[in-house]
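Undergrad: Next up, my_file.txt (compact mmCIF, C-alpha atoms and all ligand atoms).
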# COMPACT_ATOMS: atom_id res chain seq x y z
CA MET A 1 36.37 -15.42 -41.18
CA ASN A 2 34.75 -18.08 -43.30
CA ASN A 3 31.87 -18.69 -40.94
CA PHE A 4 30.95 -15.00 -40.77
CA GLU A 5 30.20 -14.02 -44.33
CA TYR A 6 28.04 -11.57 -46.19
CA LYS A 7 25.48 -13.18 -48.43
CA ARG A 8 23.55 -10.71 -50.57
CA LYS A 9 24.91 -7.92 -48.34
CA ILE A 10 23.58 -9.50 -45.15
CA LEU A 11 25.95 -10.91 -42.53
CA PHE A 12 25.53 -14.60 -41.84
CA CYS A 13 26.99 -16.66 -39.03
CA GLU A 14 27.13 -20.13 -40.56
CA ASN A 15 23.61 -20.53 -42.00
CA ILE A 16 21.81 -17.86 -39.98
CA ALA A 17 21.39 -14.20 -40.84
CA VAL A 18 22.66 -12.27 -37.82
CA GLU A 19 19.74 -9.84 -38.11
CA GLU A 20 17.39 -12.76 -37.40
CA ILE A 21 19.20 -13.36 -34.11
CA CYS A 22 18.94 -9.64 -33.32
CA LYS A 23 15.15 -10.01 -33.50
CA LYS A 24 15.25 -12.58 -30.67
CA ILE A 25 18.15 -11.41 -28.49
CA LYS A 26 18.75 -7.87 -27.33
CA THR A 27 22.07 -6.29 -28.16
CA PRO A 28 24.82 -6.15 -27.19
CA PHE A 29 25.68 -9.85 -27.35
CA TYR A 30 28.60 -12.05 -28.25
CA LEU A 31 27.95 -14.41 -31.13
CA TYR A 32 30.11 -17.47 -31.77
CA SER A 33 30.35 -19.97 -34.59
CA SER A 34 30.82 -23.56 -33.37
CA LYS A 35 32.14 -24.56 -36.74
CA GLN A 36 34.85 -21.93 -36.67
CA ILE A 37 35.99 -23.06 -33.22
CA LEU A 38 36.10 -26.68 -34.34
CA ASP A 39 37.85 -25.78 -37.61
CA ASN A 40 40.51 -23.85 -35.73
CA PHE A 41 41.06 -26.75 -33.34
CA ASP A 42 41.18 -29.26 -36.20
CA LEU A 43 43.69 -27.16 -38.09
CA LEU A 44 46.15 -27.77 -35.27
CA ALA A 45 45.03 -31.29 -34.34
CA LYS A 46 45.36 -32.59 -37.89
CA LYS A 47 48.93 -31.35 -38.12
CA PHE A 48 49.83 -33.24 -34.95
CA LYS A 49 48.28 -36.55 -35.96
CA GLY A 50 50.61 -39.37 -34.96
CA CYS A 51 52.65 -37.09 -32.66
CA ASN A 52 52.44 -36.97 -28.90
CA VAL A 53 51.07 -33.42 -28.70
CA LEU A 54 48.40 -32.28 -26.24
CA ILE A 55 46.42 -29.19 -27.20
CA ALA A 56 45.63 -27.73 -23.79
CA TYR A 57 43.21 -24.93 -24.67
CA ALA A 58 43.91 -21.78 -22.61
CA VAL A 59 40.57 -21.46 -20.83
CA LYS A 60 41.20 -17.80 -20.01
CA ALA A 61 40.62 -16.86 -23.66
CA ASN A 62 36.96 -17.85 -23.47
CA SER A 63 35.71 -19.92 -20.59
CA ASN A 64 32.09 -20.44 -21.60
CA LYS A 65 30.97 -23.95 -20.61
CA SER A 66 29.52 -24.76 -24.04
CA ILE A 67 32.73 -23.79 -25.79
CA LEU A 68 34.75 -25.91 -23.37
CA LYS A 69 32.39 -28.79 -24.03
CA LEU A 70 32.81 -28.47 -27.79
CA LEU A 71 36.57 -28.65 -27.33
CA ALA A 72 36.42 -31.44 -24.74
CA LYS A 73 34.53 -33.58 -27.24
CA LYS A 74 37.38 -33.01 -29.70
CA GLY A 75 39.89 -34.32 -27.17
CA ALA A 76 41.31 -30.99 -26.05
CA GLY A 77 43.06 -30.57 -22.73
CA ALA A 78 42.99 -27.34 -20.74
CA ASP A 79 45.43 -24.79 -19.43
CA VAL A 80 43.80 -23.21 -16.38
CA VAL A 81 44.84 -20.41 -14.07
CA SER A 82 42.30 -20.65 -11.25
CA TYR A 83 40.09 -23.20 -9.59
CA GLY A 84 37.13 -21.52 -11.29
CA GLU A 85 38.63 -22.36 -14.67
CA MET A 86 39.60 -25.84 -13.53
CA SER A 87 36.13 -26.66 -12.33
CA ARG A 88 34.64 -25.38 -15.61
CA ALA A 89 37.05 -27.58 -17.56
CA LEU A 90 36.24 -30.63 -15.42
CA LYS A 91 32.50 -30.00 -15.71
CA ALA A 92 32.86 -29.71 -19.48
CA GLY A 93 34.36 -33.20 -19.52
CA ILE A 94 38.07 -32.42 -19.85
CA PRO A 95 39.77 -35.13 -17.79
CA PRO A 96 42.22 -34.12 -15.02
CA ASN A 97 45.03 -35.91 -16.81
CA LYS A 98 44.73 -33.33 -19.61
CA ILE A 99 44.73 -30.28 -17.33
CA VAL A 100 47.75 -28.09 -16.60
CA PHE A 101 47.57 -25.42 -13.94
CA SER A 102 49.51 -22.21 -14.65
CA GLY A 103 49.60 -18.83 -12.90
CA VAL A 104 51.82 -16.97 -10.45
CA GLY A 105 49.30 -16.74 -7.61
CA LYS A 106 47.72 -20.12 -6.96
CA THR A 107 46.06 -20.15 -3.54
CA ASP A 108 46.47 -23.00 -1.04
CA LEU A 109 42.86 -23.99 -1.63
CA GLU A 110 43.30 -24.06 -5.41
CA ILE A 111 46.48 -26.13 -5.06
CA SER A 112 44.78 -28.57 -2.67
CA ARG A 113 41.91 -29.15 -5.05
CA ALA A 114 44.20 -29.62 -8.02
CA ILE A 115 46.29 -32.15 -6.07
CA GLU A 116 43.13 -34.07 -5.19
CA HIS A 117 42.10 -34.13 -8.85
CA LYS A 118 45.55 -35.46 -9.79
CA ILE A 119 45.96 -33.07 -12.70
CA LEU A 120 48.51 -33.61 -15.45
CA GLN A 121 50.86 -30.96 -14.06
CA PHE A 122 51.30 -27.85 -11.97
CA ASN A 123 53.27 -25.22 -13.85
CA ILE A 124 55.13 -23.82 -10.86
CA GLU A 125 56.11 -20.17 -11.05
CA SER A 126 58.18 -19.57 -7.86
CA GLN A 127 60.25 -21.25 -5.16
CA GLN A 128 57.59 -20.45 -2.55
CA GLU A 129 54.81 -21.94 -4.64
CA PHE A 130 56.93 -25.07 -5.03
CA LEU A 131 57.30 -25.37 -1.22
CA ILE A 132 53.55 -24.96 -0.68
CA ILE A 133 52.70 -27.59 -3.30
CA GLU A 134 55.17 -30.00 -1.66
CA GLN A 135 53.73 -29.30 1.79
CA LEU A 136 50.11 -29.75 0.69
CA ALA A 137 50.90 -32.90 -1.29
CA ARG A 138 52.69 -34.29 1.79
CA GLU A 139 49.71 -33.48 4.02
CA LYS A 140 47.37 -35.22 1.61
CA LYS A 141 49.77 -38.07 0.89
CA ILE A 142 49.06 -37.62 -2.80
CA LYS A 143 51.89 -37.23 -5.30
CA ALA A 144 51.64 -33.97 -7.24
CA ASN A 145 52.89 -33.81 -10.83
CA ILE A 146 55.07 -30.78 -11.33
CA ALA A 147 56.78 -28.73 -14.01
CA ILE A 148 58.64 -25.48 -13.44
CA ARG A 149 57.87 -22.51 -15.65
CA ILE A 150 61.14 -21.07 -16.86
CA ASN A 151 61.36 -17.48 -17.93
CA PRO A 152 63.51 -17.57 -21.08
CA ASP A 153 64.01 -13.77 -21.17
CA ILE A 154 62.68 -13.48 -24.70
CA GLU A 155 60.65 -10.61 -26.03
CA ALA A 156 57.38 -11.62 -27.69
CA GLY A 157 53.78 -10.60 -27.99
CA GLY A 158 52.01 -7.85 -29.82
CA HIS A 159 51.91 -5.44 -26.87
CA PRO A 160 54.08 -5.03 -23.72
CA LYS A 161 51.05 -5.96 -21.63
CA ILE A 162 50.83 -9.40 -23.27
CA SER A 163 54.55 -10.22 -23.20
CA THR A 164 55.27 -12.74 -20.46
CA GLY A 165 58.72 -14.17 -21.15
CA LYS A 166 61.02 -11.29 -20.20
CA LYS A 167 63.05 -11.15 -17.00
CA THR A 168 61.14 -8.01 -16.06
CA ASP A 169 57.81 -9.88 -16.29
CA LYS A 170 56.41 -11.56 -13.19
CA PHE A 171 56.17 -14.99 -14.78
CA GLY A 172 58.30 -18.07 -14.20
CA VAL A 173 61.80 -18.33 -12.75
CA SER A 174 65.28 -18.18 -14.27
CA SER A 175 66.88 -21.42 -15.49
CA ASP A 176 69.37 -21.27 -12.61
CA GLU A 177 66.65 -21.02 -10.02
CA ALA A 178 64.61 -23.69 -11.78
CA ILE A 179 67.51 -26.16 -11.64
CA LYS A 180 67.77 -25.66 -7.88
CA ILE A 181 64.03 -26.26 -7.48
CA TYR A 182 64.14 -29.42 -9.61
CA ILE A 183 67.07 -30.78 -7.56
CA SER A 184 65.22 -30.28 -4.30
CA ALA A 185 62.00 -31.69 -5.81
CA LYS A 186 63.88 -34.89 -6.68
CA ASN A 187 64.13 -35.75 -3.02
CA SER A 188 60.45 -35.41 -2.21
CA PRO A 189 58.36 -38.59 -2.19
CA TYR A 190 55.30 -36.41 -2.76
CA LEU A 191 56.40 -34.75 -5.97
CA ASN A 192 56.56 -36.29 -9.36
CA ILE A 193 58.73 -34.25 -11.73
CA VAL A 194 57.06 -34.54 -15.12
CA GLY A 195 57.91 -31.50 -17.18
CA VAL A 196 59.29 -28.10 -18.01
CA ASP A 197 57.00 -25.22 -18.89
CA MET A 198 57.24 -21.88 -20.64
CA HIS A 199 54.90 -19.28 -22.15
CA ILE A 200 56.46 -16.23 -23.74
CA GLY A 201 53.48 -14.07 -24.66
CA SER A 202 50.40 -13.67 -26.76
CA GLN A 203 49.48 -12.51 -30.29
CA ILE A 204 52.87 -13.62 -31.65
CA LEU A 205 53.04 -13.30 -35.40
CA GLN A 206 56.71 -14.11 -36.01
CA MET A 207 58.52 -17.39 -35.76
CA LYS A 208 61.72 -16.04 -34.24
CA PRO A 209 60.52 -15.84 -30.60
CA PHE A 210 59.02 -19.33 -30.87
CA LYS A 211 62.19 -20.76 -32.41
CA ASN A 212 64.41 -19.14 -29.77
CA SER A 213 62.28 -20.18 -26.85
CA PHE A 214 61.84 -23.75 -28.10
CA LYS A 215 65.64 -23.99 -28.40
CA LYS A 216 66.00 -22.73 -24.85
CA ILE A 217 63.53 -25.18 -23.38
CA GLU A 218 65.17 -28.10 -25.17
CA LYS A 219 68.63 -27.05 -24.04
CA PHE A 220 67.36 -26.62 -20.50
CA CYS A 221 65.87 -30.07 -20.61
CA LYS A 222 69.21 -31.58 -21.58
CA GLU A 223 70.81 -29.81 -18.63
CA LEU A 224 68.23 -31.36 -16.31
CA GLU A 225 68.89 -34.76 -17.76
CA LYS A 226 72.60 -34.29 -17.05
CA ASN A 227 71.50 -33.87 -13.43
CA LYS A 228 69.59 -37.17 -13.70
CA ILE A 229 66.23 -35.40 -13.75
CA LYS A 230 64.00 -37.06 -16.29
CA ILE A 231 61.50 -34.92 -18.14
CA LYS A 232 58.46 -36.40 -19.89
CA HIS A 233 56.57 -33.25 -20.92
CA LEU A 234 57.62 -30.05 -22.60
CA ASP A 235 54.92 -27.42 -22.22
CA VAL A 236 55.75 -24.68 -24.72
CA GLY A 237 52.77 -22.44 -23.88
CA GLY A 238 50.40 -20.65 -26.21
CA GLY A 239 50.78 -17.37 -28.04
CA LEU A 240 50.08 -18.07 -31.70
CA GLY A 241 48.61 -14.84 -33.07
CA ILE A 242 45.86 -14.10 -35.58
CA ASN A 243 45.33 -11.41 -38.19
CA TYR A 244 42.95 -8.79 -36.82
CA SER A 245 43.35 -6.45 -39.78
CA SER A 246 41.98 -6.47 -43.30
CA LYS A 247 45.54 -6.47 -44.69
CA LYS A 248 47.26 -9.69 -45.65
CA ILE A 249 49.98 -10.70 -43.24
CA LYS A 250 52.29 -13.70 -43.24
CA ASP A 251 50.53 -16.74 -41.80
CA ILE A 252 52.95 -18.65 -39.58
CA THR A 253 50.55 -21.43 -38.59
CA LYS A 254 52.25 -24.04 -40.76
CA GLU A 255 55.74 -23.09 -39.63
CA TYR A 256 54.60 -23.09 -36.02
CA THR A 257 52.97 -26.51 -36.21
CA ASN A 258 56.07 -27.87 -37.97
CA LEU A 259 58.23 -26.51 -35.17
CA VAL A 260 56.02 -28.23 -32.58
CA LYS A 261 56.03 -31.44 -34.59
CA ASP A 262 59.82 -31.35 -34.94
CA ILE A 263 60.42 -30.91 -31.24
CA SER A 264 57.96 -33.71 -30.53
CA LEU A 265 59.63 -36.15 -32.93
CA ARG A 266 63.15 -35.16 -31.95
CA THR A 267 62.72 -35.28 -28.17
CA LYS A 268 60.13 -38.10 -28.08
CA LYS A 269 58.45 -36.27 -25.20
CA LYS A 270 54.85 -35.24 -24.81
CA ILE A 271 54.61 -31.68 -26.11
CA ILE A 272 51.92 -29.54 -24.55
CA ILE A 273 50.76 -26.40 -26.33
CA GLU A 274 48.35 -23.90 -24.76
CA PRO A 275 46.62 -21.99 -27.56
CA GLY A 276 43.77 -19.68 -26.60
CA ARG A 277 43.38 -16.86 -29.09
CA PHE A 278 44.07 -19.06 -32.10
CA ILE A 279 41.17 -21.37 -31.25
CA VAL A 280 38.45 -18.84 -30.47
CA ALA A 281 39.35 -15.28 -31.55
CA ASN A 282 38.00 -15.37 -35.10
CA ALA A 283 35.03 -17.49 -34.01
CA GLY A 284 33.28 -14.62 -32.27
CA ILE A 285 31.76 -11.24 -33.03
CA LEU A 286 30.16 -8.68 -30.76
CA VAL A 287 26.84 -7.47 -32.08
CA THR A 288 25.88 -3.97 -31.03
CA LYS A 289 23.24 -1.38 -31.86
CA ILE A 290 23.66 2.28 -32.70
CA LEU A 291 22.22 4.44 -29.95
CA TYR A 292 23.17 7.87 -31.26
CA LYS A 293 25.18 9.70 -33.89
CA LYS A 294 26.81 13.03 -33.23
CA SER A 295 29.57 15.14 -34.69
CA ASN A 296 31.66 18.21 -34.04
CA GLU A 297 34.25 20.08 -36.15
CA GLU A 298 36.82 17.35 -35.43
CA LYS A 299 34.99 14.07 -35.33
CA LYS A 300 31.94 12.06 -36.21
CA PHE A 301 30.90 9.73 -33.42
CA ILE A 302 28.69 6.71 -33.38
CA ILE A 303 27.62 5.75 -29.89
CA VAL A 304 26.76 2.08 -29.58
CA ASP A 305 25.27 0.00 -26.79
CA ALA A 306 28.43 -2.12 -26.23
CA GLY A 307 30.95 -0.52 -23.92
CA MET A 308 34.46 -1.12 -22.62
CA ASN A 309 32.98 -3.14 -19.77
CA ASP A 310 31.72 -5.63 -22.38
CA PHE A 311 34.88 -5.53 -24.46
CA ILE A 312 37.99 -4.01 -22.93
CA ARG A 313 40.72 -5.01 -25.39
CA PRO A 314 40.88 -1.68 -27.29
CA ALA A 315 41.11 0.33 -24.04
CA LEU A 316 43.49 -2.08 -22.33
CA TYR A 317 45.84 -3.10 -25.11
CA ASP A 318 45.15 -0.62 -27.91
CA ALA A 319 43.79 -3.64 -29.72
CA LYS A 320 42.49 -2.89 -33.19
CA HIS A 321 39.26 -4.59 -34.23
CA LEU A 322 37.30 -3.88 -37.36
CA VAL A 323 33.74 -2.65 -36.94
CA LYS A 324 31.31 -3.35 -39.75
CA GLN A 325 27.62 -3.24 -40.58
CA ILE A 326 25.36 -6.26 -40.17
CA LYS A 327 23.60 -5.18 -43.32
CA LEU A 328 25.52 -3.52 -46.11
CA ASN A 329 24.08 -0.82 -48.25
CA LYS A 330 27.38 -0.48 -49.95
CA ASP A 331 27.70 2.59 -52.03
CA LYS A 332 31.30 3.58 -51.58
CA TYR A 333 30.71 7.20 -52.52
CA LYS A 334 28.52 7.43 -49.49
CA GLU A 335 31.05 6.18 -46.98
CA GLU A 336 32.29 8.18 -44.04
CA TYR A 337 34.72 7.73 -41.19
CA PHE A 338 33.31 7.41 -37.69
CA ASP A 339 34.74 6.85 -34.23
CA ILE A 340 32.76 4.04 -32.69
CA VAL A 341 32.40 4.65 -28.97
CA GLY A 342 30.57 3.01 -26.10
CA PRO A 343 28.28 4.47 -23.45
CA ILE A 344 30.75 4.18 -20.54
CA CYS A 345 31.81 7.38 -18.81
CA GLU A 346 35.48 7.03 -19.73
CA THR A 347 37.35 8.69 -22.57
CA ALA A 348 39.03 5.33 -23.15
CA ASP A 349 35.69 3.78 -24.11
CA VAL A 350 36.50 3.81 -27.82
CA ILE A 351 35.97 0.60 -29.76
CA THR A 352 37.68 1.87 -32.86
CA GLU A 353 38.63 5.13 -34.50
CA ASN A 354 37.97 5.89 -38.15
CA ALA A 355 35.70 3.00 -39.01
CA LYS A 356 34.58 3.37 -42.63
CA LEU A 357 30.82 2.94 -42.69
CA ASN A 358 27.95 4.04 -44.86
CA LYS A 359 26.86 7.63 -44.27
CA SER A 360 23.25 6.61 -44.03
CA ILE A 361 23.59 4.34 -40.99
CA GLU A 362 21.33 5.49 -38.26
CA ARG A 363 20.10 4.99 -34.73
CA GLY A 364 18.78 1.43 -34.39
CA ASP A 365 21.09 -0.09 -37.03
CA PHE A 366 23.27 -3.01 -36.02
CA LEU A 367 27.05 -3.12 -36.20
CA PHE A 368 29.48 -5.84 -35.24
CA ILE A 369 33.01 -5.94 -33.90
CA GLU A 370 35.13 -8.60 -35.55
CA LYS A 371 37.27 -11.36 -34.00
CA VAL A 372 36.35 -10.90 -30.38
CA GLY A 373 35.98 -14.59 -29.42
CA ALA A 374 39.18 -14.48 -27.35
CA TYR A 375 39.63 -12.20 -24.35
CA GLY A 376 36.28 -10.58 -25.11
CA SER A 377 33.53 -11.89 -22.90
CA ALA A 378 36.10 -13.49 -20.59
CA MET A 379 37.50 -10.06 -19.67
CA SER A 380 34.19 -8.25 -19.32
CA SER A 381 33.03 -6.55 -16.15
CA THR A 382 29.99 -4.89 -14.63
CA TYR A 383 31.56 -1.41 -14.62
CA ASN A 384 28.97 1.37 -14.64
CA SER A 385 26.60 -1.21 -13.09
CA ARG A 386 25.98 -2.88 -16.40
CA GLY A 387 25.14 -6.59 -16.34
CA LEU A 388 27.29 -9.07 -18.28
CA ILE A 389 25.88 -9.51 -21.76
CA PRO A 390 24.52 -12.66 -23.43
CA GLU A 391 26.64 -15.11 -25.38
CA VAL A 392 25.05 -16.93 -28.29
CA LEU A 393 26.38 -20.00 -30.08
CA VAL A 394 25.49 -20.91 -33.64
CA SER A 395 25.70 -24.32 -35.20
CA LYS A 396 24.57 -24.51 -38.83
CA ASN A 397 21.05 -23.08 -38.76
CA MET A 398 20.55 -23.27 -34.99
CA PHE A 399 21.42 -20.73 -32.36
CA PHE A 400 21.35 -20.95 -28.60
CA GLU A 401 21.87 -18.46 -25.79
CA ILE A 402 24.77 -20.12 -23.97
CA ARG A 403 24.90 -17.36 -21.39
CA LYS A 404 21.94 -15.25 -20.40
CA LYS A 405 22.22 -11.55 -19.73
CA MET A 406 23.08 -10.75 -16.14
CA LYS A 407 20.36 -8.43 -14.94
CA GLU A 408 21.17 -5.42 -12.80
CA ASP A 409 19.18 -7.08 -9.97
CA ASP A 410 21.38 -10.18 -10.16
CA PHE A 411 24.40 -8.36 -8.84
CA LEU A 412 22.46 -6.08 -6.52
CA LYS A 413 21.34 -9.24 -4.73
CA LEU A 414 24.96 -9.91 -3.74
CA GLU A 415 25.25 -6.60 -1.96
CA LYS A 416 24.10 -6.12 1.63
CA VAL A 417 23.63 -2.87 3.51
CA PRO A 418 24.82 -3.04 7.15
CA SER A 419 22.21 -2.29 9.80
CA TRP A 420 24.13 0.82 10.95
CA ILE A 421 23.40 2.53 7.64
CA LYS A 422 19.77 1.51 7.40
C1 LIG A 501 50.27 -19.48 -19.36
C2 LIG A 501 49.49 -19.12 -20.57
N1 LIG A 501 49.24 -20.07 -21.48
C3 LIG A 501 48.53 -19.82 -22.60
C4 LIG A 501 48.02 -18.56 -22.85
C5 LIG A 501 47.23 -18.35 -24.10
O1 LIG A 501 47.82 -17.46 -24.94
P1 LIG A 501 47.18 -17.22 -26.40
O2 LIG A 501 45.76 -16.90 -26.21
O3 LIG A 501 47.97 -16.11 -26.94
O4 LIG A 501 47.39 -18.48 -27.16
C6 LIG A 501 48.26 -17.53 -21.94
C7 LIG A 501 47.77 -16.18 -22.21
O5 LIG A 501 48.35 -15.19 -21.97
C8 LIG A 501 49.00 -17.82 -20.76
O6 LIG A 501 49.23 -16.88 -19.84
For this file, produce the structure as structure tokens.
Ligand SMILES: Cc1ncc(COP(=O)(O)O)c(C=O)c1O
TA:
Amino acid sequence: MNNFEYKRKILFCENIAVEEICKKIKTPFYLYSSKQILDNFDLLAKKFKGCNVLIAYAVKANSNKSILKLLAKKGAGADVVSYGEMSRALKAGIPPNKIVFSGVGKTDLEISRAIEHKILQFNIESQQEFLIIEQLAREKKIKANIAIRINPDIEAGGHPKISTGKKTDKFGVSSDEAIKIYISAKNSPYLNIVGVDMHIGSQILQMKPFKNSFKKIEKFCKELEKNKIKIKHLDVGGGLGINYSSKKIKDITKEYTNLVKDISLRTKKKIIIEPGRFIVANAGILVTKILYKKSNEEKKFIIVDAGMNDFIRPALYDAKHLVKQIKLNKDKYKEEYFDIVGPICETADVITENAKLNKSIERGDFLFIEKVGAYGSAMSSTYNSRGLIPEVLVSKNMFFEIRKKMKEDDFLKLEKVPSWIK
């Protein structure tokens, strides 16, 4: 995490000491480094220079408008899964011809709007969805660009809940079913077959699933071409993982980008990739304050002001994130192991177990959770009637609150009490 570094034992985000931000913004808050986001994007973009590769950022990973705008300015496209995400992407300046629309449950309204915007492609996930897109395109007399998401039946992803490419997962259709859909799509004057799509899972740290699935999509494409169905785009999805631990693991970024480059040069088609985590995960931390310390015969707990409603990955996926101090008073003989827990009334509200921190940390001290830029804020909720927390973006020595805290009153305003209770 180059843009989150300790300097003289104080954590900096780019050129700002995080404790300075804590003086202005109440914890808990998400803190992002613009430079890290741009560096991550550039790392991929540079590798694909001269190739026909579209980096369609998976908006679900972090959908903050400012982050989308940063990426739009870099030429990123977007992979969206709802009209909410699509409209954010459009507002951020990502053009419709760089937007792909994935997801198993697109509503008629969402489909209609996407047709009107003439997006790059629908990634269709079922026969019924295909029929609805055809019907709505016909009604509007606008040609919709389509790709079918095939389910390659490949195991991938760091956790069963983030694997998406197995037959038992709800995503995509089998190659046999896809062929039938493509053949019927060929006859519609309102559908423009442009591509084939696939996404096998998230937090993938080995090349094998990528290699296997890329082979499958290419083979499938050849089969389509035998049936005189011409394919211009291969959307190979996202999934490239990152190292959340302090241990060294094999970095597959180079091998992955080479694989993408190879398929692009060999097939001469536009390759679409949909990275989310890789672009934003290590560009964000969650800053939190210690509320209380307590211990029993078994455990030492630190209770912080960030809860599982703010950051659900550990509870949902058993995700492991390191928790560290904003200010180090590092004397290793004075270190102790603590379970870092949130204030939510759920046993699952544990951010991490056995975090090694200095014994002397106390109520009021600040901690941070590492690498939470992806699927952090985007998955947060108002559980326990807690308002969504601020998001802050740093660029060099500037910082800006890119999302304000949602106050308890903000969501109470949405609720109405019927007259028969009053
Ligand atoms: C269709 C699709 N594309 C892309 C992504 C992004 O995956 P990742 O953040 O692992 O790159 C996801 C996430 O699960 C997805 O469902």
Undergrad: Using only C-alpha atoms and all ligand atoms for the distances, tell me which of A:Lys74, A:Lys226, A:Lys69, A:Lys60 is nearest to ligand LIG 501 (chain A).
TA: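 Closest to ligand LIG 501 (chain A), using only C-alpha atoms and all ligand atoms: A:Lys60.
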Undergrad: Have a look at CA of Ala147 in chain A and CA of Phe101 in chain A and let me know their distance in Å, one decimal.
TA: 9.8 Å
Undergrad: For ligand LIG 501 (chain A), collect every residue having any atom at a distance of at most 10 Å from a ligand atom (counting only C-alpha atoms and all ligand atoms); output as a VMD selection string.
TA: chain A and resid 56 to 62 78 to 81 100 to 104 123 149 157 to 158 161 to 165 171 to 172 197 to 204 235 to 242 273 to 281 374 to 375
Undergrad: Could you check the closest approach to Asn97 in chain A for each of A:Ser419, A:Asn3, A:Asn145, A:Ser246 and tell me which residue wins, using all atoms listed in the file?
TA: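 The closest residue to Asn97 in chain A is A:Asn145.
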Undergrad: Using only C-alpha atoms, pick whichever of A:Lys98, A:Arg403, A:Arg363, A:Arg386 has the shortest atom-to-atom distance to Val53 in chain A.
TA: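 For Val53 in chain A, the nearest of the candidates is A:Lys98.
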Undergrad: Listed atoms of range 416-419 of chain A, axis-aligned box, 5 Å per side: centre and edge lengths to one decimal in Å, as lines of an AutoDock Vina configuration file?
TA:
center_x = 23.5
center_y = -4.2
center_z = 5.7
size_x = 12.6
size_y = 13.8
size_z = 18.2
Undergrad: Can you tell me which residues surround Gly364 in chain A at a distance of at most 7 Å, considering only C-alpha atoms, apart from same-chain residues fewer than 3 positions away, and format the answer as a PyMOL selection string?
TA: chain A and resi 289-291
Undergrad: Residues proximal to (44.8, -21.7, -5.3) were defined as those with any atom within 12 Å of that point in the file's coordinates, counting only C-alpha atoms. Which are they, as number ranges by chain?
TA: A: 80-86, 101-115, 122, 124, 129, 132-133, 136
Undergrad: Any idea what's packed within 9 Å of Gly376 in chain A, counting only C-alpha atoms, ignoring anything in its chain fewer than 4 positions away? Could you give it as a ChimeraX atom specification?
TA: /A:30,61-62,281,284,286,310-313,371-372,380
Undergrad: Write a file of the just-selected residues containing C-alpha atoms, as a JSON list (two decimals), in the coordinates of the input.
TA:
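Output file part.json follows:
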[["chain", "number", "residue", "atom", "x", "y", "z"],
["A", 30, "TYR", "CA", 28.60, -12.05, -28.25],
["A", 61, "ALA", "CA", 40.62, -16.86, -23.66],
["A", 62, "ASN", "CA", 36.96, -17.85, -23.47],
["A", 281, "ALA", "CA", 39.35, -15.28, -31.55],
["A", 284, "GLY", "CA", 33.28, -14.62, -32.27],
["A", 286, "LEU", "CA", 30.16, -8.68, -30.76],
["A", 310, "ASP", "CA", 31.72, -5.63, -22.38],
["A", 311, "PHE", "CA", 34.88, -5.53, -24.46],
["A", 312, "ILE", "CA", 37.99, -4.01, -22.93],
["A", 313, "ARG", "CA", 40.72, -5.01, -25.39],
["A", 371, "LYS", "CA", 37.27, -11.36, -34.00],
["A", 372, "VAL", "CA", 36.35, -10.90, -30.38],
["A", 380, "SER", "CA", 34.19, -8.25, -19.32]]
Undergrad: If you measure from CA of Ala89 in chain A to CA of Asn64 in chain A, what distance in Å do you get, rounded to one decimal?
TA: 9.6 Å
Undergrad: So the first atom is CA of Glu370 in chain A and the second is CA of Ala283 in chain A; what is the distance between them in Å, to one decimal place?
TA: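 Value for the CA of Glu370 in chain A-CA of Ala283 in chain A distance: 9.0 Å.
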Undergrad: Find the spatial neighbours of Ala45 in chain A, counting all atoms listed in the file, within a cut-off of 10 Å - ignore same-chain residues fewer than 6 positions away - and output them as a CSV table (one decimal) with C-alpha atoms, keeping the file's coordinate frame.
TA:
chain,number,residue,atom,x,y,z
A,39,ASP,CA,37.8,-25.8,-37.6
A,51,CYS,CA,52.6,-37.1,-32.7
A,53,VAL,CA,51.1,-33.4,-28.7
A,54,LEU,CA,48.4,-32.3,-26.2
A,55,ILE,CA,46.4,-29.2,-27.2
A,74,LYS,CA,37.4,-33.0,-29.7
A,75,GLY,CA,39.9,-34.3,-27.2
A,76,ALA,CA,41.3,-31.0,-26.0
A,257,THR,CA,53.0,-26.5,-36.2
Undergrad: Between A:Cys345, A:Val18, A:Ile179, A:Leu388, which one has atoms that come closest to Phe411 in chain A, using all atoms listed in the file?
TA: A:Leu388
Undergrad: Considering all atoms listed in the file, state which residue in the set A:Glu125, A:Lys269, A:Leu393, A:Pro28 is at the smallest distance from Asp305 in chain A.
TA: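 Looking at the shortest contact to Asp305 in chain A, the residue is A:Pro28.
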Undergrad: If you count all atoms listed in the file, which residues fall within 12 Å of Leu224 in chain A, apart from same-chain ones fewer than 2 positions away, as a ChimeraX atom specification?
TA: /A:147-148,175-176,178-183,186,193-196,217-222,226-232
Undergrad: Would you please work out which residue, of A:Leu328, A:Glu408, A:Thr347, A:Ala355, is nearest to Leu11 in chain A when using only C-alpha atoms?
TA: A:Leu328
